[in-house]
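What follows is the content of upload-v3.txt, which has compact mmCIF, N, CA and C atoms:
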# COMPACT_ATOMS: atom_id res chain seq x y z
N MET U 329 75.97 129.39 101.05
CA MET U 329 75.11 128.86 102.08
C MET U 329 75.68 127.53 102.56
N LYS U 330 75.83 127.40 103.85
CA LYS U 330 76.35 126.17 104.43
C LYS U 330 75.23 125.14 104.56
N THR U 331 75.56 123.91 104.19
CA THR U 331 74.61 122.83 104.41
C THR U 331 75.17 121.90 105.47
N LYS U 332 74.31 121.43 106.30
CA LYS U 332 74.73 120.52 107.36
C LYS U 332 74.77 119.10 106.79
N LEU U 333 75.86 118.42 107.07
CA LEU U 333 75.98 117.03 106.63
C LEU U 333 75.05 116.15 107.44
N SER U 334 74.50 115.14 106.81
CA SER U 334 73.68 114.19 107.54
C SER U 334 74.57 113.34 108.43
N LYS U 335 73.99 112.74 109.43
CA LYS U 335 74.74 111.84 110.33
C LYS U 335 75.34 110.69 109.53
N GLU U 336 74.61 110.25 108.53
CA GLU U 336 75.10 109.15 107.67
C GLU U 336 76.37 109.56 106.94
N LYS U 337 76.37 110.73 106.32
CA LYS U 337 77.56 111.22 105.60
C LYS U 337 78.72 111.44 106.56
N GLU U 338 78.43 111.97 107.74
CA GLU U 338 79.47 112.17 108.75
C GLU U 338 80.11 110.84 109.12
N PHE U 339 79.28 109.79 109.24
CA PHE U 339 79.79 108.45 109.55
C PHE U 339 80.70 107.96 108.43
N TYR U 340 80.28 108.11 107.18
CA TYR U 340 81.08 107.65 106.04
C TYR U 340 82.42 108.39 105.98
N ILE U 341 82.39 109.69 106.24
CA ILE U 341 83.63 110.47 106.24
C ILE U 341 84.54 110.01 107.37
N ALA U 342 83.97 109.80 108.54
CA ALA U 342 84.76 109.35 109.70
C ALA U 342 85.38 107.98 109.43
N MET U 343 84.62 107.07 108.84
CA MET U 343 85.14 105.74 108.53
C MET U 343 86.25 105.81 107.48
N THR U 344 86.09 106.65 106.48
CA THR U 344 87.12 106.82 105.46
C THR U 344 88.40 107.32 106.10
N PHE U 345 88.28 108.32 106.97
CA PHE U 345 89.44 108.88 107.66
C PHE U 345 90.09 107.83 108.56
N LEU U 346 89.28 107.08 109.31
CA LEU U 346 89.79 106.05 110.20
C LEU U 346 90.56 104.98 109.43
N ILE U 347 90.02 104.54 108.32
CA ILE U 347 90.70 103.52 107.51
C ILE U 347 91.99 104.07 106.92
N ALA U 348 91.98 105.34 106.50
CA ALA U 348 93.21 105.97 105.99
C ALA U 348 94.29 105.99 107.07
N VAL U 349 93.90 106.28 108.30
CA VAL U 349 94.85 106.28 109.42
C VAL U 349 95.37 104.87 109.67
N ILE U 350 94.49 103.89 109.63
CA ILE U 350 94.91 102.49 109.81
C ILE U 350 95.91 102.08 108.74
N ILE U 351 95.65 102.45 107.50
CA ILE U 351 96.58 102.15 106.40
C ILE U 351 97.94 102.76 106.70
N PHE U 352 97.94 104.03 107.11
CA PHE U 352 99.20 104.71 107.42
C PHE U 352 99.93 104.01 108.57
N LEU U 353 99.22 103.67 109.63
CA LEU U 353 99.85 103.04 110.79
C LEU U 353 100.42 101.67 110.46
N PHE U 354 99.69 100.88 109.69
CA PHE U 354 100.20 99.56 109.31
C PHE U 354 101.41 99.69 108.38
N SER U 355 101.43 100.72 107.56
CA SER U 355 102.58 100.95 106.68
C SER U 355 103.81 101.38 107.45
N ASN U 356 103.60 101.82 108.66
CA ASN U 356 104.70 102.31 109.50
C ASN U 356 105.37 101.17 110.28
N ILE U 357 104.80 99.98 110.23
CA ILE U 357 105.39 98.82 110.91
C ILE U 357 106.60 98.37 110.11
N SER U 358 107.74 98.27 110.79
CA SER U 358 108.99 98.01 110.08
C SER U 358 109.07 96.62 109.47
N THR U 359 108.58 95.60 110.13
CA THR U 359 108.61 94.25 109.55
C THR U 359 107.30 93.55 109.85
N PRO U 360 106.82 92.75 108.90
CA PRO U 360 105.59 92.01 109.16
C PRO U 360 105.76 91.05 110.33
N VAL U 361 104.70 90.88 111.10
CA VAL U 361 104.72 89.99 112.26
C VAL U 361 104.28 88.60 111.82
N GLY U 362 104.94 87.57 112.34
CA GLY U 362 104.55 86.19 112.04
C GLY U 362 105.31 85.62 110.86
N ARG U 363 105.09 84.35 110.62
CA ARG U 363 105.78 83.70 109.52
C ARG U 363 104.87 83.63 108.30
N GLU U 364 105.47 83.37 107.16
CA GLU U 364 104.73 83.29 105.90
C GLU U 364 103.87 82.03 105.90
N THR U 365 102.63 82.14 105.47
CA THR U 365 101.73 80.99 105.37
C THR U 365 101.38 80.77 103.91
N GLY U 366 100.60 79.74 103.65
CA GLY U 366 100.18 79.47 102.28
C GLY U 366 99.33 80.60 101.72
N LEU U 367 98.57 81.23 102.58
CA LEU U 367 97.74 82.36 102.18
C LEU U 367 98.53 83.64 102.41
N ASN U 368 98.71 84.42 101.40
CA ASN U 368 99.48 85.65 101.54
C ASN U 368 98.61 86.69 102.22
N LEU U 369 98.84 86.88 103.50
CA LEU U 369 98.02 87.80 104.29
C LEU U 369 98.18 89.25 103.86
N ALA U 370 99.36 89.59 103.34
CA ALA U 370 99.57 90.96 102.87
C ALA U 370 98.63 91.28 101.70
N THR U 371 98.44 90.31 100.81
CA THR U 371 97.54 90.51 99.66
C THR U 371 96.10 90.66 100.14
N VAL U 372 95.69 89.80 101.06
CA VAL U 372 94.34 89.89 101.61
C VAL U 372 94.15 91.23 102.31
N TYR U 373 95.16 91.66 103.08
CA TYR U 373 95.09 92.95 103.76
C TYR U 373 94.89 94.08 102.76
N HIS U 374 95.74 94.12 101.71
CA HIS U 374 95.64 95.19 100.71
C HIS U 374 94.26 95.21 100.05
N LEU U 375 93.77 94.04 99.66
CA LEU U 375 92.44 93.98 99.03
C LEU U 375 91.36 94.49 99.99
N ALA U 376 91.40 94.00 101.21
CA ALA U 376 90.34 94.33 102.17
C ALA U 376 90.37 95.79 102.60
N VAL U 377 91.56 96.30 102.91
CA VAL U 377 91.63 97.67 103.44
C VAL U 377 91.31 98.70 102.36
N PHE U 378 91.73 98.45 101.13
CA PHE U 378 91.38 99.41 100.07
C PHE U 378 89.95 99.23 99.59
N PHE U 379 89.40 98.03 99.74
CA PHE U 379 87.97 97.85 99.51
C PHE U 379 87.20 98.73 100.49
N ALA U 380 87.53 98.62 101.78
CA ALA U 380 86.84 99.40 102.81
C ALA U 380 87.04 100.90 102.61
N PHE U 381 88.29 101.30 102.34
CA PHE U 381 88.59 102.71 102.12
C PHE U 381 87.74 103.27 100.98
N THR U 382 87.73 102.59 99.86
CA THR U 382 86.98 103.06 98.68
C THR U 382 85.48 102.98 98.90
N PHE U 383 85.03 101.95 99.58
CA PHE U 383 83.61 101.78 99.87
C PHE U 383 83.08 102.99 100.63
N PHE U 384 83.72 103.33 101.74
CA PHE U 384 83.25 104.46 102.54
C PHE U 384 83.51 105.80 101.87
N LEU U 385 84.62 105.92 101.15
CA LEU U 385 84.91 107.15 100.41
C LEU U 385 83.81 107.41 99.38
N THR U 386 83.42 106.37 98.67
CA THR U 386 82.37 106.51 97.66
C THR U 386 81.06 106.95 98.30
N LEU U 387 80.70 106.31 99.40
CA LEU U 387 79.45 106.69 100.08
C LEU U 387 79.52 108.12 100.62
N ALA U 388 80.71 108.55 101.03
CA ALA U 388 80.88 109.91 101.54
C ALA U 388 80.77 110.95 100.43
N ILE U 389 81.23 110.61 99.23
CA ILE U 389 81.28 111.57 98.13
C ILE U 389 80.00 111.59 97.29
N LYS U 390 79.44 110.42 97.04
CA LYS U 390 78.33 110.37 96.06
C LYS U 390 77.09 111.08 96.57
N SER U 391 76.34 111.60 95.61
CA SER U 391 75.08 112.23 95.97
C SER U 391 73.98 111.18 95.84
N LYS U 392 73.15 111.27 94.84
CA LYS U 392 72.07 110.28 94.70
C LYS U 392 72.54 109.05 93.95
N ASN U 393 73.11 109.27 92.78
CA ASN U 393 73.53 108.15 91.94
C ASN U 393 75.05 108.13 91.80
N LEU U 394 75.56 106.94 91.61
CA LEU U 394 76.99 106.75 91.41
C LEU U 394 77.28 106.90 89.92
N ASN U 395 77.63 108.13 89.53
CA ASN U 395 77.87 108.40 88.11
C ASN U 395 79.36 108.24 87.77
N LYS U 396 79.66 108.36 86.48
CA LYS U 396 81.04 108.16 86.00
C LYS U 396 82.01 109.17 86.61
N LYS U 397 81.57 110.39 86.79
CA LYS U 397 82.44 111.43 87.36
C LYS U 397 82.81 111.07 88.80
N THR U 398 81.83 110.66 89.59
CA THR U 398 82.10 110.28 90.97
C THR U 398 83.02 109.07 91.03
N ILE U 399 82.77 108.08 90.17
CA ILE U 399 83.62 106.89 90.12
C ILE U 399 85.05 107.29 89.78
N ALA U 400 85.23 108.18 88.81
CA ALA U 400 86.58 108.61 88.42
C ALA U 400 87.28 109.34 89.57
N ILE U 401 86.55 110.20 90.26
CA ILE U 401 87.13 110.94 91.39
C ILE U 401 87.53 109.98 92.51
N VAL U 402 86.65 109.07 92.86
CA VAL U 402 86.93 108.10 93.93
C VAL U 402 88.12 107.22 93.55
N PHE U 403 88.13 106.76 92.32
CA PHE U 403 89.23 105.89 91.87
C PHE U 403 90.55 106.65 91.88
N LEU U 404 90.53 107.91 91.47
CA LEU U 404 91.74 108.73 91.48
C LEU U 404 92.24 108.97 92.91
N ILE U 405 91.34 109.26 93.82
CA ILE U 405 91.73 109.45 95.22
C ILE U 405 92.33 108.16 95.78
N SER U 406 91.70 107.03 95.48
CA SER U 406 92.21 105.74 95.94
C SER U 406 93.59 105.45 95.35
N LEU U 407 93.77 105.76 94.08
CA LEU U 407 95.07 105.56 93.43
C LEU U 407 96.13 106.44 94.08
N ILE U 408 95.82 107.69 94.31
CA ILE U 408 96.77 108.61 94.93
C ILE U 408 97.13 108.13 96.34
N TYR U 409 96.13 107.66 97.08
CA TYR U 409 96.42 107.19 98.43
C TYR U 409 97.26 105.90 98.39
N ALA U 410 96.99 105.02 97.45
CA ALA U 410 97.78 103.79 97.30
C ALA U 410 99.23 104.12 96.97
N ILE U 411 99.44 105.07 96.06
CA ILE U 411 100.80 105.48 95.69
C ILE U 411 101.49 106.14 96.88
N SER U 412 100.77 107.01 97.59
CA SER U 412 101.38 107.68 98.74
C SER U 412 101.72 106.69 99.85
N ASP U 413 100.91 105.65 99.99
CA ASP U 413 101.19 104.60 100.98
C ASP U 413 102.49 103.88 100.64
N GLU U 414 102.67 103.54 99.38
CA GLU U 414 103.90 102.87 98.96
C GLU U 414 105.11 103.81 99.07
N PHE U 415 104.91 105.08 98.74
CA PHE U 415 105.99 106.06 98.88
C PHE U 415 106.40 106.17 100.35
N HIS U 416 105.43 106.22 101.23
CA HIS U 416 105.69 106.29 102.67
C HIS U 416 106.56 105.11 103.13
N GLN U 417 106.30 103.93 102.58
CA GLN U 417 107.04 102.74 102.97
C GLN U 417 108.52 102.81 102.59
N LEU U 418 108.86 103.66 101.64
CA LEU U 418 110.28 103.84 101.27
C LEU U 418 111.09 104.36 102.45
N PHE U 419 110.44 105.01 103.39
CA PHE U 419 111.12 105.63 104.51
C PHE U 419 110.99 104.81 105.81
N VAL U 420 110.42 103.61 105.70
CA VAL U 420 110.26 102.74 106.86
C VAL U 420 111.28 101.61 106.74
N ILE U 421 112.08 101.44 107.78
CA ILE U 421 113.12 100.41 107.78
C ILE U 421 112.48 99.03 107.59
N GLY U 422 113.02 98.26 106.66
CA GLY U 422 112.52 96.91 106.39
C GLY U 422 111.35 96.86 105.43
N ARG U 423 110.88 98.01 104.95
CA ARG U 423 109.76 98.06 104.01
C ARG U 423 110.24 98.58 102.67
N PHE U 424 109.46 98.37 101.65
CA PHE U 424 109.79 98.86 100.32
C PHE U 424 108.50 99.16 99.57
N ALA U 425 108.63 99.94 98.52
CA ALA U 425 107.47 100.27 97.68
C ALA U 425 107.28 99.16 96.65
N SER U 426 106.03 98.92 96.30
CA SER U 426 105.74 97.84 95.36
C SER U 426 104.60 98.25 94.42
N ILE U 427 104.87 98.16 93.14
CA ILE U 427 103.83 98.40 92.12
C ILE U 427 102.74 97.33 92.27
N LYS U 428 103.15 96.12 92.62
CA LYS U 428 102.19 95.03 92.81
C LYS U 428 101.18 95.39 93.89
N ASP U 429 101.65 95.98 94.98
CA ASP U 429 100.73 96.37 96.06
C ASP U 429 99.75 97.44 95.59
N ILE U 430 100.22 98.37 94.78
CA ILE U 430 99.32 99.40 94.23
C ILE U 430 98.26 98.74 93.37
N ALA U 431 98.65 97.78 92.55
CA ALA U 431 97.69 97.07 91.69
C ALA U 431 96.66 96.32 92.54
N ILE U 432 97.12 95.66 93.60
CA ILE U 432 96.20 94.94 94.49
C ILE U 432 95.26 95.92 95.18
N ASP U 433 95.79 97.06 95.61
CA ASP U 433 94.94 98.10 96.22
C ASP U 433 93.84 98.53 95.26
N LEU U 434 94.20 98.72 94.00
CA LEU U 434 93.22 99.17 93.01
C LEU U 434 92.20 98.09 92.68
N ILE U 435 92.60 96.83 92.79
CA ILE U 435 91.63 95.74 92.61
C ILE U 435 90.61 95.79 93.75
N GLY U 436 91.08 95.98 94.98
CA GLY U 436 90.17 96.13 96.12
C GLY U 436 89.23 97.31 95.93
N SER U 437 89.79 98.43 95.45
CA SER U 437 88.98 99.63 95.19
C SER U 437 87.95 99.36 94.10
N SER U 438 88.35 98.66 93.06
CA SER U 438 87.43 98.34 91.96
C SER U 438 86.28 97.47 92.44
N PHE U 439 86.58 96.49 93.29
CA PHE U 439 85.53 95.64 93.85
C PHE U 439 84.51 96.48 94.62
N ALA U 440 84.99 97.42 95.41
CA ALA U 440 84.08 98.27 96.18
C ALA U 440 83.16 99.06 95.27
N ILE U 441 83.73 99.66 94.24
CA ILE U 441 82.92 100.45 93.30
C ILE U 441 81.92 99.55 92.58
N LEU U 442 82.37 98.38 92.14
CA LEU U 442 81.46 97.45 91.44
C LEU U 442 80.32 97.00 92.34
N ILE U 443 80.62 96.70 93.58
CA ILE U 443 79.57 96.27 94.51
C ILE U 443 78.58 97.40 94.78
N LEU U 444 79.09 98.62 94.99
CA LEU U 444 78.19 99.75 95.22
C LEU U 444 77.33 100.03 93.99
N LYS U 445 77.92 99.93 92.81
CA LYS U 445 77.17 100.15 91.57
C LYS U 445 76.12 99.05 91.41
N GLY U 446 76.49 97.82 91.72
CA GLY U 446 75.55 96.71 91.65
C GLY U 446 74.40 96.87 92.63
N LEU U 447 74.70 97.29 93.85
CA LEU U 447 73.65 97.52 94.84
C LEU U 447 72.71 98.64 94.39
N GLU U 448 73.30 99.67 93.76
CA GLU U 448 72.48 100.77 93.26
C GLU U 448 71.53 100.27 92.17
N GLN U 449 72.01 99.43 91.27
CA GLN U 449 71.18 98.88 90.20
C GLN U 449 70.10 97.94 90.78
N PHE U 450 70.48 97.18 91.81
CA PHE U 450 69.56 96.26 92.46
C PHE U 450 68.40 97.04 93.11
N LYS U 451 68.70 98.19 93.74
CA LYS U 451 67.68 99.00 94.39
C LYS U 451 66.70 99.58 93.38
N LYS U 452 67.20 99.89 92.17
CA LYS U 452 66.35 100.45 91.13
C LYS U 452 65.37 99.42 90.58
N ALA U 453 65.76 98.16 90.62
CA ALA U 453 64.92 97.10 90.03
C ALA U 453 63.73 96.75 90.88
Show how you would write the structure in this file as structure tokens.
Amino acid sequence: MKTKLSKEKEFYIAMTFLIAVIIFLFSNISTPVGRETGLNLATVYHLAVFFAFTFFLTLAIKSKNLNKKTIAIVFLISLIYAISDEFHQLFVIGRFASIKDIAIDLIGSSFAILILKGLEQFKKA
């Protein structure tokens, strides 16, 4: 039996897909634009974009409660996408793969999961 997705779930799926496309497109840029500043913008970008990716992915996947199985699935998907993003960069002139970037991506993903779990606990109280 087919179930129709709610408009809310459709939005979360669309946002997850849009952010995944943005990650891919930014990874396709051969060299970063601008000069290096005191604040490492690449680190901020990785944290923010994977926070957003994981945030919407989690909302798209979860049912009522954010359980351990859902967290594991979301984290695994985020890890796979982070690794595939770095692999993709191996084929872009002027770019390279970085384990550090994967770690930063996963920190952003972890923050998203923690915030969603915290909000869920806050709503229960």
What separation in Å, quoted to one decimal, exists between CA of Leu407 in chain U and CA of Ile347 in chain U?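 Spanning CA of Leu407 in chain U to CA of Ile347 in chain U is a straight-line distance of 14.9 Å.
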Nearest to Asn356 in chain U among U:Ala376, U:Ala370, U:Ile421, U:Ile432, with distances taken over all atoms listed in the file: which residue is it? U:Ile421
From the options U:Phe383, U:Ile405, U:Lys337, U:Val349, which residue's atoms come nearest to Phe439 in chain U, counting only N, CA and C atoms? U:Phe383
Using only C-alpha atoms, can you list as a ChimeraX atom specification the residues within 12 Å of (92.3, 97.4, 90.4)? /U:374-375,378-379,382,403-404,406-407,410,427-442
One number please: atom C of Gln417 in chain U to atom N of Ile350 in chain U, in Å, one decimal. 15.7 Å
Gap from atom N of Ile341 in chain U to atom N of Asn395 in chain U - Å, one decimal: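 Taking atom N of Ile341 in chain U and atom N of Asn395 in chain U, their separation equals 17.4 Å.
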Chain U: which residues are alpha helix (DSSP H) by DSSP, as a PyMOL selection string? chain U and resi 335-355+369-389+396-417+427-452
